[in-house]
Structure formats: C-alpha cells, structure tokens
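Asker: Input structure: data-v4.csv, which contains CSV, C-alpha atoms and all ligand atoms.
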```csv
chain,number,residue,atom,x,y,z
A,1,MET,CA,0.0,0.0,0.0
A,2,PHE,CA,2.8,2.4,0.9
A,3,GLU,CA,4.6,1.6,-2.4
A,4,LYS,CA,1.4,2.3,-4.3
A,5,LEU,CA,1.0,5.7,-2.5
A,6,LYS,CA,4.6,6.6,-3.2
A,7,GLN,CA,4.1,5.9,-6.9
A,8,HIS,CA,0.7,7.6,-7.0
A,9,TRP,CA,2.0,10.8,-5.3
A,10,LYS,CA,5.5,10.5,-6.9
A,11,VAL,CA,7.2,11.0,-3.5
A,12,ASN,CA,10.0,9.3,-1.6
A,13,GLY,CA,9.6,7.4,1.7
A,14,LEU,CA,10.4,10.3,4.0
A,15,SER,CA,7.9,12.6,2.2
A,16,LEU,CA,5.3,9.9,2.4
A,17,ILE,CA,5.7,9.7,6.2
A,18,LEU,CA,5.5,13.5,6.5
A,19,ILE,CA,2.4,13.6,4.3
A,20,ILE,CA,0.6,10.9,6.4
A,21,THR,CA,1.6,12.8,9.6
A,22,THR,CA,0.2,16.0,8.1
A,23,PHE,CA,-3.1,14.2,7.3
A,24,ALA,CA,-3.3,12.8,10.9
A,25,LEU,CA,-2.4,16.1,12.7
A,26,GLY,CA,-4.4,18.2,10.3
A,27,GLY,CA,-7.4,16.0,10.9
A,28,SER,CA,-7.1,16.1,14.6
A,29,LEU,CA,-6.6,19.9,14.6
A,30,CYS,CA,-9.7,20.4,12.5
A,31,GLY,CA,-11.8,18.1,14.7
A,32,TYR,CA,-10.6,20.0,17.8
A,33,ALA,CA,-11.2,23.4,16.3
A,34,GLY,CA,-14.7,22.3,15.1
A,35,ARG,CA,-15.7,21.2,18.5
A,36,LYS,CA,-14.5,24.4,20.1
A,37,LEU,CA,-16.4,26.5,17.6
A,38,MET,CA,-19.6,24.4,18.0
A,39,ALA,CA,-19.4,25.0,21.8
A,40,LEU,CA,-19.7,28.7,21.1
A,41,THR,CA,-23.0,28.2,19.4
A,42,ASN,CA,-24.9,26.7,22.4
A,43,ILE,CA,-26.6,24.2,20.1
A,44,ASP,CA,-27.6,21.0,21.9
A,45,LYS,CA,-25.9,17.8,20.7
A,46,GLY,CA,-28.4,16.3,18.3
A,47,ALA,CA,-29.0,15.9,14.6
A,48,LEU,CA,-28.6,19.6,13.9
A,49,TRP,CA,-25.3,19.7,15.9
A,50,VAL,CA,-23.9,16.8,13.9
A,51,VAL,CA,-24.9,18.3,10.5
A,52,LEU,CA,-23.4,21.7,11.4
A,53,TYR,CA,-20.2,20.0,12.9
A,54,ILE,CA,-19.7,18.0,9.6
A,55,LEU,CA,-20.1,21.2,7.5
A,56,LEU,CA,-17.7,23.0,9.8
A,57,VAL,CA,-15.0,20.4,9.7
A,58,THR,CA,-15.3,20.1,6.0
A,59,LEU,CA,-14.6,23.8,5.7
A,60,LEU,CA,-11.8,23.7,8.3
A,61,TRP,CA,-10.0,20.7,7.0
A,62,PRO,CA,-8.1,22.3,4.1
A,63,LEU,CA,-7.0,25.2,6.4
A,64,SER,CA,-5.9,22.8,9.1
A,65,VAL,CA,-3.8,20.5,6.9
A,66,LEU,CA,-2.3,23.5,5.1
A,67,LEU,CA,-1.3,25.0,8.5
A,68,VAL,CA,0.2,21.7,9.7
A,69,SER,CA,1.9,21.1,6.4
A,70,ILE,CA,4.1,24.3,6.8
A,71,PRO,CA,6.3,23.1,9.7
A,72,LEU,CA,6.4,19.6,8.2
A,73,GLY,CA,7.7,21.0,4.8
A,74,GLN,CA,4.7,19.6,2.8
A,75,PHE,CA,3.0,22.9,1.9
A,76,ASN,CA,3.5,22.5,-1.8
A,77,PHE,CA,2.1,19.0,-1.8
A,78,PHE,CA,-1.0,20.0,0.1
A,79,LYS,CA,-1.5,23.1,-1.9
A,80,LYS,CA,-1.7,21.0,-5.1
A,81,TYR,CA,-3.7,18.2,-3.4
A,82,ILE,CA,-6.4,20.6,-2.1
A,83,GLY,CA,-6.4,22.5,-5.4
A,84,LYS,CA,-7.2,19.2,-7.1
A,85,ILE,CA,-10.0,18.4,-4.8
A,86,LEU,CA,-11.5,21.9,-5.2
A,87,GLY,CA,-11.0,21.5,-9.0
A,88,ARG,CA,-13.2,18.4,-8.9
A,89,PHE,CA,-16.0,20.3,-7.2
A,90,SER,CA,-15.8,23.3,-9.5
A,91,SER,CA,-15.9,21.3,-12.6
A,92,THR,CA,-17.4,17.8,-13.0
A,93,LYS,CA,-15.9,17.6,-16.4
A,94,ASN,CA,-12.5,15.8,-16.8
A,95,ASN,CA,-10.2,17.8,-19.1
A,96,ASN,CA,-9.5,14.6,-20.9
A,97,THR,CA,-13.2,13.9,-21.7
A,98,ASP,CA,-13.5,16.7,-24.3
A,99,GLU,CA,-15.0,14.7,-27.2
A,100,PHE,CA,-13.1,16.8,-29.8
A,101,VAL,CA,-9.7,16.0,-28.3
A,102,ILE,CA,-7.8,12.7,-29.2
A,103,ASN,CA,-6.1,11.6,-26.0
A,104,ILE,CA,-2.9,9.6,-26.5
A,105,ALA,CA,-1.1,7.4,-24.0
A,106,ILE,CA,2.6,6.9,-24.7
A,107,PHE,CA,3.9,3.6,-23.4
A,108,ALA,CA,7.7,3.8,-22.8
A,109,SER,CA,10.3,2.3,-20.6
A,110,GLY,CA,13.6,3.8,-21.6
A,111,ALA,CA,15.2,7.2,-21.8
A,112,GLY,CA,12.1,8.5,-23.6
A,113,SER,CA,13.7,10.6,-26.4
A,114,ASN,CA,10.9,9.6,-28.7
A,115,ALA,CA,8.3,10.4,-26.1
A,116,ALA,CA,9.9,13.8,-25.6
A,117,GLN,CA,9.7,14.5,-29.3
A,118,ILE,CA,6.1,13.5,-29.5
A,119,ILE,CA,5.1,15.5,-26.5
A,120,GLN,CA,6.9,18.6,-28.0
A,121,HIS,CA,5.2,18.1,-31.3
A,122,PHE,CA,1.7,18.1,-29.9
A,123,SER,CA,2.3,20.5,-27.1
A,124,SER,CA,0.3,23.3,-28.9
A,125,SER,CA,-2.2,21.1,-30.6
A,126,ALA,CA,-5.8,21.7,-29.8
A,127,LYS,CA,-6.9,18.4,-31.2
A,128,ILE,CA,-4.3,15.9,-30.0
A,129,LYS,CA,-3.3,15.7,-26.4
A,130,ILE,CA,-0.6,13.5,-24.7
A,131,ALA,CA,-2.7,12.6,-21.7
A,132,LEU,CA,-0.7,9.8,-20.0
A,133,ILE,CA,2.7,8.2,-19.9
A,134,VAL,CA,2.7,4.5,-19.1
A,135,CYS,CA,6.0,3.0,-17.9
A,136,ASN,CA,7.0,-0.4,-16.5
A,137,LYS,CA,10.4,0.7,-15.1
A,138,PRO,CA,10.8,2.7,-11.9
A,139,GLY,CA,13.5,5.3,-12.5
A,140,ALA,CA,13.2,5.3,-16.3
A,141,GLY,CA,14.1,8.7,-17.9
A,142,VAL,CA,10.7,8.9,-19.5
A,143,LEU,CA,9.2,9.4,-16.0
A,144,ASN,CA,11.2,12.5,-15.5
A,145,ILE,CA,10.0,13.8,-18.9
A,146,ALA,CA,6.5,13.2,-17.8
A,147,ALA,CA,7.1,15.0,-14.5
A,148,ASN,CA,8.8,18.0,-16.2
A,149,THR,CA,6.1,18.4,-18.8
A,150,GLY,CA,3.2,17.9,-16.2
A,151,ILE,CA,1.8,14.8,-17.9
A,152,PRO,CA,0.4,12.2,-15.6
A,153,SER,CA,2.3,9.0,-15.5
A,154,LEU,CA,1.3,5.5,-14.6
A,155,LEU,CA,3.9,3.0,-13.4
A,156,ILE,CA,2.6,-0.5,-14.2
A,157,GLU,CA,3.4,-3.9,-12.7
A,158,LYS,CA,3.8,-7.2,-14.7
A,159,GLU,CA,1.2,-9.2,-12.8
A,160,GLN,CA,-1.6,-6.7,-13.3
A,161,PHE,CA,-0.6,-6.0,-16.9
A,162,PHE,CA,-0.6,-9.6,-18.0
A,163,LYS,CA,-2.8,-11.4,-15.6
A,164,GLY,CA,-5.1,-8.7,-14.3
A,165,ASP,CA,-7.1,-6.0,-16.0
A,166,SER,CA,-4.1,-4.7,-18.1
A,167,TYR,CA,-4.8,-1.3,-16.6
A,168,LEU,CA,-7.7,-0.9,-19.0
A,169,PRO,CA,-9.8,1.0,-16.3
A,170,GLU,CA,-6.9,3.5,-15.8
A,171,LEU,CA,-6.7,4.1,-19.6
A,172,GLN,CA,-10.5,4.5,-19.8
A,173,LYS,CA,-10.5,6.8,-16.8
A,174,ASN,CA,-8.0,9.0,-18.7
A,175,ALA,CA,-10.3,8.8,-21.8
A,176,ILE,CA,-7.4,7.4,-23.8
A,177,ASP,CA,-8.2,7.0,-27.5
A,178,PHE,CA,-4.9,6.0,-29.0
A,179,ILE,CA,-1.8,4.2,-27.7
A,180,VAL,CA,1.7,4.9,-28.9
A,181,LEU,CA,4.6,2.6,-28.0
A,182,ALA,CA,7.9,4.4,-27.9
A,183,GLY,CA,10.5,2.0,-26.5
A,184,PHE,CA,8.1,-0.2,-24.6
A,185,LEU,CA,9.4,-3.7,-24.5
A,186,TRP,CA,6.6,-5.8,-23.1
A,187,LYS,CA,4.2,-7.6,-25.4
A,188,ILE,CA,0.8,-5.9,-25.4
A,189,PRO,CA,-1.9,-8.2,-23.8
A,190,LYS,CA,-4.9,-9.4,-25.9
A,191,ARG,CA,-7.2,-7.4,-23.7
A,192,LEU,CA,-5.7,-4.1,-24.7
A,193,ILE,CA,-5.5,-5.0,-28.4
A,194,LYS,CA,-9.2,-5.9,-28.3
A,195,ALA,CA,-10.1,-2.7,-26.5
A,196,TYR,CA,-8.0,-0.6,-29.0
A,197,PRO,CA,-8.3,-2.2,-32.4
A,198,LYS,CA,-6.0,-0.5,-34.9
A,199,LYS,CA,-5.3,2.1,-32.3
A,200,ILE,CA,-2.0,0.9,-31.0
A,201,ILE,CA,1.2,1.6,-32.9
A,202,ASN,CA,4.8,0.9,-32.3
A,203,ILE,CA,8.2,2.1,-33.6
A,204,HIS,CA,10.9,-0.5,-34.3
A,205,PRO,CA,14.5,0.5,-34.9
A,206,ALA,CA,15.0,-1.6,-38.1
A,207,LEU,CA,13.4,-2.3,-41.4
A,208,LEU,CA,10.8,-5.0,-40.5
A,209,PRO,CA,10.3,-7.8,-41.1
A,210,LYS,CA,14.1,-8.0,-40.8
A,211,TYR,CA,15.4,-7.8,-37.2
A,212,GLY,CA,12.1,-8.1,-35.5
A,213,GLY,CA,10.7,-10.5,-32.9
A,214,LYS,CA,11.3,-11.4,-29.3
A,215,GLY,CA,14.6,-10.1,-27.9
A,216,MET,CA,15.1,-7.7,-30.8
A,217,PHE,CA,15.0,-4.3,-29.3
A,218,GLY,CA,17.3,-1.3,-29.0
A,219,GLN,CA,21.0,-2.0,-29.1
A,220,HIS,CA,20.4,-5.8,-29.9
A,221,VAL,CA,18.9,-4.8,-33.2
A,222,HIS,CA,21.8,-2.5,-34.1
A,223,GLU,CA,24.4,-5.1,-33.1
A,224,ALA,CA,22.7,-7.7,-35.3
A,225,VAL,CA,22.5,-5.3,-38.3
A,226,ILE,CA,26.2,-4.4,-37.9
A,227,ASN,CA,27.3,-8.1,-37.4
A,228,ASN,CA,25.4,-9.0,-40.6
A,229,LYS,CA,27.2,-6.3,-42.5
A,230,GLU,CA,24.0,-4.7,-43.8
A,231,THR,CA,24.4,-1.6,-45.9
A,232,GLU,CA,21.2,-0.1,-44.8
A,233,SER,CA,18.9,0.0,-41.8
A,234,GLY,CA,16.0,2.2,-40.8
A,235,ILE,CA,12.8,2.5,-38.8
A,236,SER,CA,9.4,0.9,-39.1
A,237,ILE,CA,6.2,2.3,-37.6
A,238,HIS,CA,3.5,-0.4,-37.5
A,239,TYR,CA,0.2,-1.4,-35.9
A,240,VAL,CA,0.5,-3.7,-32.9
A,241,ASP,CA,-1.0,-7.1,-32.8
A,242,GLU,CA,-0.5,-10.1,-30.4
A,243,LEU,CA,2.9,-11.0,-31.8
A,244,TYR,CA,6.2,-9.0,-31.4
A,245,ASP,CA,6.8,-6.6,-34.3
A,246,ASN,CA,4.2,-8.3,-36.5
A,247,GLY,CA,1.4,-5.9,-37.3
A,248,ALA,CA,0.9,-4.1,-40.6
A,249,VAL,CA,3.7,-1.6,-41.4
A,250,ILE,CA,2.4,2.0,-41.7
A,251,PHE,CA,5.7,3.8,-42.5
A,252,GLN,CA,9.4,3.0,-43.1
A,253,ALA,CA,12.4,5.3,-43.5
A,254,LYS,CA,16.0,4.1,-44.3
A,255,CYS,CA,19.5,5.2,-43.5
A,256,ILE,CA,22.8,4.0,-44.8
A,257,VAL,CA,25.0,1.8,-42.7
A,258,ASP,CA,28.7,2.7,-43.3
A,259,GLU,CA,31.4,0.1,-42.8
A,260,ASN,CA,32.7,2.3,-40.0
A,261,ASP,CA,29.4,2.3,-38.1
A,262,THR,CA,29.2,0.7,-34.7
A,263,ALA,CA,26.0,-0.2,-32.9
A,264,GLU,CA,26.2,3.1,-31.0
A,265,SER,CA,26.7,5.3,-34.1
A,266,LEU,CA,23.9,3.4,-35.9
A,267,ALA,CA,21.6,3.9,-32.9
A,268,LYS,CA,22.2,7.7,-33.2
A,269,LYS,CA,21.2,7.7,-36.9
A,270,ILE,CA,18.1,5.7,-36.1
A,271,HIS,CA,17.1,8.0,-33.3
A,272,LEU,CA,17.4,10.9,-35.7
A,273,LEU,CA,15.1,9.2,-38.1
A,274,GLU,CA,12.6,8.3,-35.4
A,275,HIS,CA,12.5,11.8,-34.0
A,276,ALA,CA,12.0,13.3,-37.4
A,277,HIS,CA,9.2,10.9,-38.5
A,278,TYR,CA,7.3,9.4,-35.5
A,279,PRO,CA,5.4,12.5,-34.4
A,280,LYS,CA,4.5,13.4,-38.0
A,281,VAL,CA,3.2,9.8,-38.8
A,282,ILE,CA,1.1,9.9,-35.6
A,283,ALA,CA,-0.4,13.3,-36.7
A,284,GLU,CA,-1.2,12.0,-40.2
A,285,LEU,CA,-2.8,8.8,-38.8
A,286,LEU,CA,-5.0,10.7,-36.4
A,287,GLN,CA,-6.0,13.3,-39.0
A,288,LYS,CA,-7.5,10.7,-41.3
B,1,LIG,C1,13.9,3.4,-29.8
B,1,LIG,O1,15.0,3.4,-30.7
B,1,LIG,C2,12.8,2.4,-30.3
B,1,LIG,O2,12.8,2.2,-31.7
B,1,LIG,C3,13.2,1.2,-29.6
B,1,LIG,O3,13.6,1.6,-28.3
B,1,LIG,C4,14.2,2.9,-28.5
B,1,LIG,C5,13.7,3.8,-27.4
B,1,LIG,O4,14.4,5.0,-27.3
B,1,LIG,N1,12.2,0.2,-29.6
B,1,LIG,C6,12.4,-1.1,-29.7
B,1,LIG,O5,13.5,-1.6,-29.9
B,1,LIG,C7,11.1,-1.9,-29.7
B,1,LIG,N2,11.3,-3.2,-30.2
B,1,LIG,P1,13.9,6.2,-26.5
B,1,LIG,O6,13.5,5.7,-25.1
B,1,LIG,O7,15.0,7.2,-26.5
B,1,LIG,O8,12.7,6.7,-27.2
```
If you took the structure in this file and wrote it as structure tokens, what would it be?

Answerer:
Amino acid sequence: MFEKLKQHWKVNGLSLILIITTFALGGSLCGYAGRKLMALTNIDKGALWVVLYILLVTLLWPLSVLLVSIPLGQFNFFKKYIGKILGRFSSTKNNNTDEFVINIAIFASGAGSNAAQIIQHFSSSAKIKIALIVCNKPGAGVLNIAANTGIPSLLIEKEQFFKGDSYLPELQKNAIDFIVLAGFLWKIPKRLIKAYPKKIINIHPALLPKYGGKGMFGQHVHEAVINNKETESGISIHYVDELYDNGAVIFQAKCIVDENDTAESLAKKIHLLEHAHYPKVIAELLQK
C-alpha cells in the first residue's frame, strides 16, 4: 500500500511519512477546532449539531492541513492536493473527456527521447493531447520527462498488466483514444489489443520484417545489423498485434550503414530518423 502511495503521489519514503503525519495532525486539529467553535453556538448535541459540525470540519479541514503542512515542509504537496479536490467540485468535467480531443497514452520504458519529441510536437495542438505516460520501469528517464512536462504517469506492474485487467480501467478513466509505444518492451496483452483495435502503434529501430521479434530491441537490433554487414537499416512504424513486431507496417524510412558504423553510431542515426518521423506519422494517422 505504501509503495502504491509513493508511486501515486510520486514522492519518496520520508515525504510519504510526513504527508501521512500531516493528514493525521491536520485531521485532529480540524476536529478539535470544530468542537471548540460548536461549543460557542450553544446548540444542543443532536442531529442539527452533527450536521453543522460536519459542515464546519469540511470547511476547516483544508485550512488545518495547510497549516500543519508548513512546519512539516509539505505545503507545496498539500496546496496541489487541495487544489485538485476543489477543481473536482468546481468542474465535474474531466479535461480529458473533451470529445473533440484525441487523447494519446505513450507507453515507454527507456530514456524517452521519442516520447519527448512526440510531447513537444503536440504541445500546442488543440486536437491531440498526450494525456498519459505509461511506464514499466521505476526510475526510467521517461518518468522525468512526464514530471517535467506535467503529464500524468502510470507505473505498471507485470502481474496486473498480463494477468489482471491490463490497466484498462486507468486508460478508460483518462479517456485514452490511442496508444503509442515508444521504446516499450513488453508484449501488449490481448485485452488491450481488443479494446484498442488498430489504435495501438509501435516504432521499431529496423526495417521490419528483418530484425524483429522477441529479444530484438534497441541495441540488440543495431548489433545484429552491424554483425550481418547490412548496408542499410532504418525505422518501421507499425500497428501492434498479439505478436512482437508483427502488425501491418504504416511507414518506413531508411538510412545508410557505413562500414565504420558501430551499434552506437547506428543507434544515433536511427534515433534521428525516429524523432523526425514518428510525431508526423502519428499526426497523419489521427487526422484521417
Ligand atoms: C527506440 O529506438 C525504439 O525504436 C526502440 O527503443 C528505443 C527507445 O528509445 N524500440 C524497440 O526496440 C522496440 N522493439 P527512447 O527511449 O529514447 O525513445
């Protein structure tokens, strides 16, 4: 439970303890202040007293926790937390449920350079929104990118992804319309493929069907290309089905492999191609 809270609030262990302490002390302070104020009213303890007391503590609670959060160094957390709660009351509409906006979830588990390019590309789009970053690796660079750009992130666990509900409720809650894999190395479960038919795409750092399949990802692909003395490589953007790197190809772009190229230098060439094309291909697909 504590792990889940840490991930949910994106805080470390010490902050979590201070946050829980703030909740406890803030709650007690608000209950105490509520009773003192009720005593001033001379209302007899009964149904009316209870109703008024509940209303009073509801109003006092944000003030109490904010007050307690200051000495405990958690003011910024609680300012945001309370802001979110008030936001829910002032608008029942989730930003992501605007029917004219296409909400994308990017699934990534690496450095996230492709995710960063895609986020940047759509940052001023009124029609396409990067609404969620889904990641399976704690500490992955893409999580920092999500935090720095203010995009919500979801850290997923293997068990729930493959044997549970595959996080479908979370995707639905965020009104996700389209899924973009950008360096995500787990196979996509049937359940998600069924829920998002022809709405999940992947980028692969080679010219599929060559150098695809299980175990063929990132540096392994480039090493295999170099070892086989290929003279060209490239990128493939394709629909995702139940097999690795198997769905219909949407787009490919090539680059030359020099005899001096190493897996590292080839990776750089491939990343340049990916960054130049992936956001544009997504935009074209979604404009159709
Ligand atoms: C990209 O090169 C992508 O093509 C590759 O992982 C890299 C992620 O880089 N994906 C695969 O190999 C999938 N089989 P990034 O984290 O910097 O975007």

Asker: I'd like the neighbourhood of Ile133 of chain A as a PyMOL selection string, where a residue qualifies if any of its atoms comes within 8 Å (using only C-alpha atoms), though same-chain residues fewer than 2 positions away should be ignored.

Answerer: chain A and resi 105-108+130-131+135+143+146+151-154

Asker: Could you give me, as a list in words, the residues within 8 Å of Leu155 of chain A, counting all atoms listed in the file and dropping anything in the same chain fewer than 2 positions from it?

Answerer: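 Near Leu155 of chain A, the qualifying residues are Gln7, Val134, Cys135, Asn136, Lys137, Pro138, Ser153 and Glu157 of chain A.
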
Asker: Residues within 10 Å of ligand LIG 1 (chain B), counting all atoms listed in the file: report them as an NGL selection string.

Answerer: :A and (107-118 or 140-142 or 181-187 or 202-206 or 211-222 or 234-237 or 244-245 or 267-275 or 278)

Asker: Could you state the separation of atom CA of Leu37 of chain A and atom CA of Ser69 of chain A in Å, given to one decimal place?

Answerer: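 Separation between atom CA of Leu37 of chain A and atom CA of Ser69 of chain A: 22.1 Å.
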
Asker: Write out as a list in words each polymer residue whose atoms come within 8 Å of Asp177 of chain A, counting only C-alpha atoms; drop sequence neighbours fewer than 3 positions from it.

Answerer: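 These residues fall inside the cut-off: Ile102, Asn103, Ile104, Ala105, Tyr196 and Lys199 of chain A.
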
Asker: Which is closer to Phe161 of chain A than all the others in A:Lys280, A:Lys190, A:Lys129, A:Lys6, using all atoms listed in the file?

Answerer: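 Closest to Phe161 of chain A of all the choices is A:Lys190.
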
Asker: Would you please work out which residue, of A:Val281, A:Ile43, A:Leu59, A:Ala263, is nearest to Ala224 of chain A when using only C-alpha atoms?

Answerer: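 For Ala224 of chain A, the nearest of the candidates is A:Ala263.
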
Asker: Any idea what the distance is between atom CA of Glu223 of chain A and atom CA of Glu264 of chain A?

Answerer: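 Interatomic distance here is 8.7 Å.
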
Asker: Atom CA of His121 of chain A and atom CA of Ala283 of chain A are how many Å apart?

Answerer: 9.1 Å

Asker: Using only C-alpha atoms, which residue out of A:Val101, A:Ile188, A:Ile119, A:Leu60 lies closest to Lys163 of chain A?

Answerer: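 That would be A:Ile188, the residue with the smallest distance to Lys163 of chain A.
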
Asker: Around (-8.5, 18.1, 8.1) in the file's own coordinates, what residues are found within 12 Å if you use all atoms listed in the file, given back as number ranges by chain?

Answerer: A: 20-34, 54, 56-69, 78, 82

Asker: Within 6 Å of (-5.4, -9.6, -29.9) (coordinates as in the file), grab all the protein and nucleic acid residues, counting all atoms listed in the file, and write them out as a list in words.

Answerer: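 Here is the list of nearby residues: Lys190, Ile193, Lys194, Asp241 and Glu242 of chain A.
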
Asker: With the input short on atoms, add N, CA, C and O atoms back to segment 234-258 of chain A and write it as a PDB file, in the coordinates of the input.

Answerer:
```pdb
ATOM      1  N   GLY A 234      17.039   1.160 -40.775  1.00  0.00           N
ATOM      2  CA  GLY A 234      16.000   2.200 -40.800  1.00  0.00           C
ATOM      3  C   GLY A 234      15.012   2.007 -39.667  1.00  0.00           C
ATOM      4  O   GLY A 234      15.301   1.350 -38.659  1.00  0.00           O
ATOM      5  N   ILE A 235      13.847   2.598 -39.848  1.00  0.00           N
ATOM      6  CA  ILE A 235      12.800   2.500 -38.800  1.00  0.00           C
ATOM      7  C   ILE A 235      11.507   1.991 -39.438  1.00  0.00           C
ATOM      8  O   ILE A 235      11.261   2.191 -40.631  1.00  0.00           O
ATOM      9  N   SER A 236      10.724   1.323 -38.617  1.00  0.00           N
ATOM     10  CA  SER A 236       9.400   0.900 -39.100  1.00  0.00           C
ATOM     11  C   SER A 236       8.378   1.302 -38.019  1.00  0.00           C
ATOM     12  O   SER A 236       8.563   1.063 -36.820  1.00  0.00           O
ATOM     13  N   ILE A 237       7.317   1.925 -38.508  1.00  0.00           N
ATOM     14  CA  ILE A 237       6.200   2.300 -37.600  1.00  0.00           C
ATOM     15  C   ILE A 237       5.051   1.330 -38.039  1.00  0.00           C
ATOM     16  O   ILE A 237       4.738   1.239 -39.236  1.00  0.00           O
ATOM     17  N   HIS A 238       4.505   0.598 -37.082  1.00  0.00           N
ATOM     18  CA  HIS A 238       3.500  -0.400 -37.500  1.00  0.00           C
ATOM     19  C   HIS A 238       2.424  -0.564 -36.423  1.00  0.00           C
ATOM     20  O   HIS A 238       2.594  -0.164 -35.261  1.00  0.00           O
ATOM     21  N   TYR A 239       1.291  -1.133 -36.870  1.00  0.00           N
ATOM     22  CA  TYR A 239       0.200  -1.400 -35.900  1.00  0.00           C
ATOM     23  C   TYR A 239       0.679  -2.586 -35.033  1.00  0.00           C
ATOM     24  O   TYR A 239       1.494  -3.423 -35.448  1.00  0.00           O
ATOM     25  N   VAL A 240       0.129  -2.617 -33.828  1.00  0.00           N
ATOM     26  CA  VAL A 240       0.500  -3.700 -32.900  1.00  0.00           C
ATOM     27  C   VAL A 240      -0.522  -4.755 -32.850  1.00  0.00           C
ATOM     28  O   VAL A 240      -1.721  -4.474 -32.751  1.00  0.00           O
ATOM     29  N   ASP A 241      -0.055  -6.007 -32.983  1.00  0.00           N
ATOM     30  CA  ASP A 241      -1.000  -7.100 -32.800  1.00  0.00           C
ATOM     31  C   ASP A 241      -0.400  -8.011 -31.662  1.00  0.00           C
ATOM     32  O   ASP A 241       0.497  -7.574 -30.938  1.00  0.00           O
ATOM     33  N   GLU A 242      -0.897  -9.244 -31.583  1.00  0.00           N
ATOM     34  CA  GLU A 242      -0.500 -10.100 -30.400  1.00  0.00           C
ATOM     35  C   GLU A 242       0.895 -10.631 -30.510  1.00  0.00           C
ATOM     36  O   GLU A 242       1.367 -11.256 -29.573  1.00  0.00           O
ATOM     37  N   LEU A 243       1.574 -10.454 -31.643  1.00  0.00           N
ATOM     38  CA  LEU A 243       2.900 -11.000 -31.800  1.00  0.00           C
ATOM     39  C   LEU A 243       3.915  -9.775 -31.786  1.00  0.00           C
ATOM     40  O   LEU A 243       3.547  -8.681 -32.194  1.00  0.00           O
ATOM     41  N   TYR A 244       5.162 -10.044 -31.402  1.00  0.00           N
ATOM     42  CA  TYR A 244       6.200  -9.000 -31.400  1.00  0.00           C
ATOM     43  C   TYR A 244       6.435  -8.490 -32.843  1.00  0.00           C
ATOM     44  O   TYR A 244       6.681  -9.304 -33.751  1.00  0.00           O
ATOM     45  N   ASP A 245       6.390  -7.206 -33.058  1.00  0.00           N
ATOM     46  CA  ASP A 245       6.800  -6.600 -34.300  1.00  0.00           C
ATOM     47  C   ASP A 245       6.157  -7.162 -35.555  1.00  0.00           C
ATOM     48  O   ASP A 245       6.807  -7.324 -36.593  1.00  0.00           O
ATOM     49  N   ASN A 246       4.885  -7.501 -35.443  1.00  0.00           N
ATOM     50  CA  ASN A 246       4.200  -8.300 -36.500  1.00  0.00           C
ATOM     51  C   ASN A 246       3.145  -7.537 -37.265  1.00  0.00           C
ATOM     52  O   ASN A 246       2.849  -7.875 -38.408  1.00  0.00           O
ATOM     53  N   GLY A 247       2.542  -6.542 -36.662  1.00  0.00           N
ATOM     54  CA  GLY A 247       1.400  -5.900 -37.300  1.00  0.00           C
ATOM     55  C   GLY A 247       1.761  -5.131 -38.575  1.00  0.00           C
ATOM     56  O   GLY A 247       2.944  -4.898 -38.864  1.00  0.00           O
ATOM     57  N   ALA A 248       0.720  -4.735 -39.332  1.00  0.00           N
ATOM     58  CA  ALA A 248       0.900  -4.100 -40.600  1.00  0.00           C
ATOM     59  C   ALA A 248       1.811  -2.842 -40.512  1.00  0.00           C
ATOM     60  O   ALA A 248       1.622  -2.030 -39.603  1.00  0.00           O
ATOM     61  N   VAL A 249       2.738  -2.734 -41.451  1.00  0.00           N
ATOM     62  CA  VAL A 249       3.700  -1.600 -41.400  1.00  0.00           C
ATOM     63  C   VAL A 249       2.929  -0.354 -41.993  1.00  0.00           C
ATOM     64  O   VAL A 249       2.257  -0.410 -43.017  1.00  0.00           O
ATOM     65  N   ILE A 250       3.089   0.755 -41.298  1.00  0.00           N
ATOM     66  CA  ILE A 250       2.400   2.000 -41.700  1.00  0.00           C
ATOM     67  C   ILE A 250       3.455   2.891 -42.455  1.00  0.00           C
ATOM     68  O   ILE A 250       3.134   3.563 -43.422  1.00  0.00           O
ATOM     69  N   PHE A 251       4.698   2.846 -41.959  1.00  0.00           N
ATOM     70  CA  PHE A 251       5.700   3.800 -42.500  1.00  0.00           C
ATOM     71  C   PHE A 251       7.095   3.186 -42.277  1.00  0.00           C
ATOM     72  O   PHE A 251       7.353   2.574 -41.247  1.00  0.00           O
ATOM     73  N   GLN A 252       7.988   3.387 -43.264  1.00  0.00           N
ATOM     74  CA  GLN A 252       9.400   3.000 -43.100  1.00  0.00           C
ATOM     75  C   GLN A 252      10.285   4.134 -43.600  1.00  0.00           C
ATOM     76  O   GLN A 252       9.906   4.822 -44.558  1.00  0.00           O
ATOM     77  N   ALA A 253      11.434   4.317 -43.000  1.00  0.00           N
ATOM     78  CA  ALA A 253      12.400   5.300 -43.500  1.00  0.00           C
ATOM     79  C   ALA A 253      13.791   4.574 -43.380  1.00  0.00           C
ATOM     80  O   ALA A 253      14.002   3.826 -42.418  1.00  0.00           O
ATOM     81  N   LYS A 254      14.674   4.846 -44.352  1.00  0.00           N
ATOM     82  CA  LYS A 254      16.000   4.100 -44.300  1.00  0.00           C
ATOM     83  C   LYS A 254      17.129   5.064 -44.047  1.00  0.00           C
ATOM     84  O   LYS A 254      17.037   6.267 -44.255  1.00  0.00           O
ATOM     85  N   CYS A 255      18.219   4.446 -43.605  1.00  0.00           N
ATOM     86  CA  CYS A 255      19.500   5.200 -43.500  1.00  0.00           C
ATOM     87  C   CYS A 255      20.609   4.234 -43.952  1.00  0.00           C
ATOM     88  O   CYS A 255      20.435   3.012 -43.929  1.00  0.00           O
ATOM     89  N   ILE A 256      21.716   4.842 -44.344  1.00  0.00           N
ATOM     90  CA  ILE A 256      22.800   4.000 -44.800  1.00  0.00           C
ATOM     91  C   ILE A 256      23.647   3.528 -43.611  1.00  0.00           C
ATOM     92  O   ILE A 256      23.824   4.260 -42.630  1.00  0.00           O
ATOM     93  N   VAL A 257      24.114   2.296 -43.706  1.00  0.00           N
ATOM     94  CA  VAL A 257      25.000   1.800 -42.700  1.00  0.00           C
ATOM     95  C   VAL A 257      26.430   1.766 -43.291  1.00  0.00           C
ATOM     96  O   VAL A 257      26.671   1.053 -44.268  1.00  0.00           O
ATOM     97  N   ASP A 258      27.321   2.608 -42.758  1.00  0.00           N
ATOM     98  CA  ASP A 258      28.700   2.700 -43.300  1.00  0.00           C
ATOM     99  C   ASP A 258      29.503   1.501 -42.696  1.00  0.00           C
ATOM    100  O   ASP A 258      29.165   0.988 -41.625  1.00  0.00           O
TER     101      ASP A 258
END
```
